[in-house]
$ cat run-v1.pdb   # PDB, C-alpha atoms
ATOM      1  CA  MET A   1      11.570   9.975  19.745
ATOM      2  CA  GLU A   2      10.487  13.584  19.609
ATOM      3  CA  LYS A   3       8.940  15.314  16.605
ATOM      4  CA  ILE A   4      10.425  18.793  16.497
ATOM      5  CA  SER A   5       8.497  20.530  13.769
ATOM      6  CA  LYS A   6       6.071  20.150  10.900
ATOM      7  CA  LYS A   7       5.893  22.233   7.735
ATOM      8  CA  GLU A   8       2.658  22.233   5.750
ATOM      9  CA  SER A   9       4.074  23.070   2.329
ATOM     10  CA  ILE A  10       7.277  22.496   0.460
ATOM     11  CA  LYS A  11       8.982  25.599  -0.894
ATOM     12  CA  GLY A  12      12.119  25.943  -2.967
ATOM     13  CA  LEU A  13      13.392  23.195  -5.216
ATOM     14  CA  PRO A  14      10.888  20.686  -6.628
ATOM     15  CA  VAL A  15      10.592  17.369  -4.803
ATOM     16  CA  ILE A  16      11.517  14.481  -7.093
ATOM     17  CA  ASN A  17      10.847  11.609  -4.685
ATOM     18  CA  PHE A  18       8.707  11.929  -1.545
ATOM     19  CA  HIS A  19       9.857   8.530  -0.247
ATOM     20  CA  THR A  20      13.185   9.736   1.152
ATOM     21  CA  ALA A  21      14.635  10.886   4.457
ATOM     22  CA  GLY A  22      17.753  12.708   5.535
ATOM     23  CA  ILE A  23      19.440  11.602   8.755
ATOM     24  CA  ASP A  24      22.180  13.487  10.602
ATOM     25  CA  VAL A  25      23.903  10.842  12.725
ATOM     26  CA  GLY A  26      25.883  11.961  15.766
ATOM     27  CA  SER A  27      27.445  10.022  18.617
ATOM     28  CA  THR A  28      24.429  10.463  20.932
ATOM     29  CA  LEU A  29      21.719  12.087  18.784
ATOM     30  CA  MET A  30      20.156  11.586  15.355
ATOM     31  CA  VAL A  31      18.043  14.236  13.630
ATOM     32  CA  THR A  32      15.835  12.976  10.799
ATOM     33  CA  GLY A  33      13.916  14.977   8.213
ATOM     34  CA  TYR A  34      11.269  13.214   6.139
ATOM     35  CA  THR A  35       8.069  13.793   4.166
ATOM     36  CA  ASN A  36       4.992  11.679   4.904
ATOM     37  CA  ILE A  37       2.462  10.373   2.363
ATOM     38  CA  ALA A  38       0.364  13.551   2.664
ATOM     39  CA  GLY A  39       3.384  15.677   1.670
ATOM     40  CA  GLU A  40       3.887  17.133   5.157
ATOM     41  CA  GLN A  41       7.505  17.611   6.186
ATOM     42  CA  TYR A  42       8.705  16.528   9.634
ATOM     43  CA  VAL A  43      11.924  16.761  11.586
ATOM     44  CA  CYS A  44      12.406  14.445  14.562
ATOM     45  CA  ARG A  45      15.149  13.882  17.105
ATOM     46  CA  SER A  46      16.091  10.482  18.530
ATOM     47  CA  GLY A  47      18.876   8.677  20.335
ATOM     48  CA  CYS A  48      21.424   6.324  18.772
ATOM     49  CA  PHE A  49      20.731   3.063  20.586
ATOM     50  CA  THR A  50      19.200  -0.040  18.973
ATOM     51  CA  LYS A  51      15.797   0.706  20.536
ATOM     52  CA  ASP A  52      15.881   4.222  19.052
ATOM     53  CA  LEU A  53      16.854   2.909  15.613
ATOM     54  CA  LYS A  54      13.964   0.429  15.651
ATOM     55  CA  GLU A  55      11.526   3.221  16.581
ATOM     56  CA  LEU A  56      12.909   5.370  13.754
ATOM     57  CA  VAL A  57      12.474   2.530  11.253
ATOM     58  CA  GLY A  58       8.846   2.097  12.375
ATOM     59  CA  LEU A  59       8.197   5.817  12.033
ATOM     60  CA  LEU A  60       9.650   5.986   8.534
ATOM     61  CA  VAL A  61       7.861   2.840   7.341
ATOM     62  CA  ARG A  62       4.503   4.185   8.553
ATOM     63  CA  GLY A  63       5.244   7.477   6.783
TER      64      GLY A  63
END
$ encode --input "run-v1.pdb" --output "structure tokens"
Amino acid sequence: MEKISKKESIKGLPVINFHTAGIDVGSTLMVTGYTNIAGEQYVCRSGCFTKDLKELVGLLVRG
């Protein structure tokens, strides 16, 4: 799993719920955007195999 970028502040529309993630699922690649507990935004790229999904779950649970 590779973290692509980090944004320090959130601009634009107000955030209603920080405990969410958006996942673009492809046949061989998933790109996930999420906000951690500190309010920092991340985008990460991962594969689509079971091992990759388990790593993604761990990452999102840790926040």
$ closest_residue --input "run-v1.pdb" --among "A:Val61, A:Ile16, A:Lys54, A:Cys44" --to "A:Met30" --atoms "all atoms listed in the file"
A:Cys44
$ residues_around --input "run-v1.pdb" --residues "A:Arg62" --least-positions-apart "5" --cutoff "10 Å" --atoms "all atoms listed in the file" --output "list in words"
Asn36, Ile37, Leu56 and Val57 of chain A
$ closest_residue --input "run-v1.pdb" --among "A:Gln41, A:Pro14, A:Tyr34, A:Gly47" --to "A:Leu59" --atoms "all atoms listed in the file"
A:Tyr34
$ atom_distance --input "run-v1.pdb" --atom1 "atom CA of A:Thr50" --atom2 "atom CA of A:Phe18"
26.0 Å
$ residues_around --input "run-v1.pdb" --residues "A:Leu53" --least-positions-apart "2" --cutoff "12 Å" --atoms "all atoms listed in the file" --output "list of chain:residue names"
A:Met1, A:Ile23, A:Val25, A:Thr28, A:Leu29, A:Met30, A:Val31, A:Thr32, A:Arg45, A:Ser46, A:Gly47, A:Cys48, A:Phe49, A:Thr50, A:Lys51, A:Glu55, A:Leu56, A:Val57, A:Gly58, A:Leu59, A:Leu60
$ write_last_selection --input "run-v1.pdb" --atoms "C-alpha atoms" --output "PDB file, in the frame of the given file"
ATOM      1  CA  MET A   1      11.570   9.975  19.745  1.00  0.00           C
ATOM      2  CA  ILE A  23      19.440  11.602   8.755  1.00  0.00           C
ATOM      3  CA  VAL A  25      23.903  10.842  12.725  1.00  0.00           C
ATOM      4  CA  THR A  28      24.429  10.463  20.932  1.00  0.00           C
ATOM      5  CA  LEU A  29      21.719  12.087  18.784  1.00  0.00           C
ATOM      6  CA  MET A  30      20.156  11.586  15.355  1.00  0.00           C
ATOM      7  CA  VAL A  31      18.043  14.236  13.630  1.00  0.00           C
ATOM      8  CA  THR A  32      15.835  12.976  10.799  1.00  0.00           C
ATOM      9  CA  ARG A  45      15.149  13.882  17.105  1.00  0.00           C
ATOM     10  CA  SER A  46      16.091  10.482  18.530  1.00  0.00           C
ATOM     11  CA  GLY A  47      18.876   8.677  20.335  1.00  0.00           C
ATOM     12  CA  CYS A  48      21.424   6.324  18.772  1.00  0.00           C
ATOM     13  CA  PHE A  49      20.731   3.063  20.586  1.00  0.00           C
ATOM     14  CA  THR A  50      19.200  -0.040  18.973  1.00  0.00           C
ATOM     15  CA  LYS A  51      15.797   0.706  20.536  1.00  0.00           C
ATOM     16  CA  GLU A  55      11.526   3.221  16.581  1.00  0.00           C
ATOM     17  CA  LEU A  56      12.909   5.370  13.754  1.00  0.00           C
ATOM     18  CA  VAL A  57      12.474   2.530  11.253  1.00  0.00           C
ATOM     19  CA  GLY A  58       8.846   2.097  12.375  1.00  0.00           C
ATOM     20  CA  LEU A  59       8.197   5.817  12.033  1.00  0.00           C
ATOM     21  CA  LEU A  60       9.650   5.986   8.534  1.00  0.00           C
TER      22      LEU A  60
END
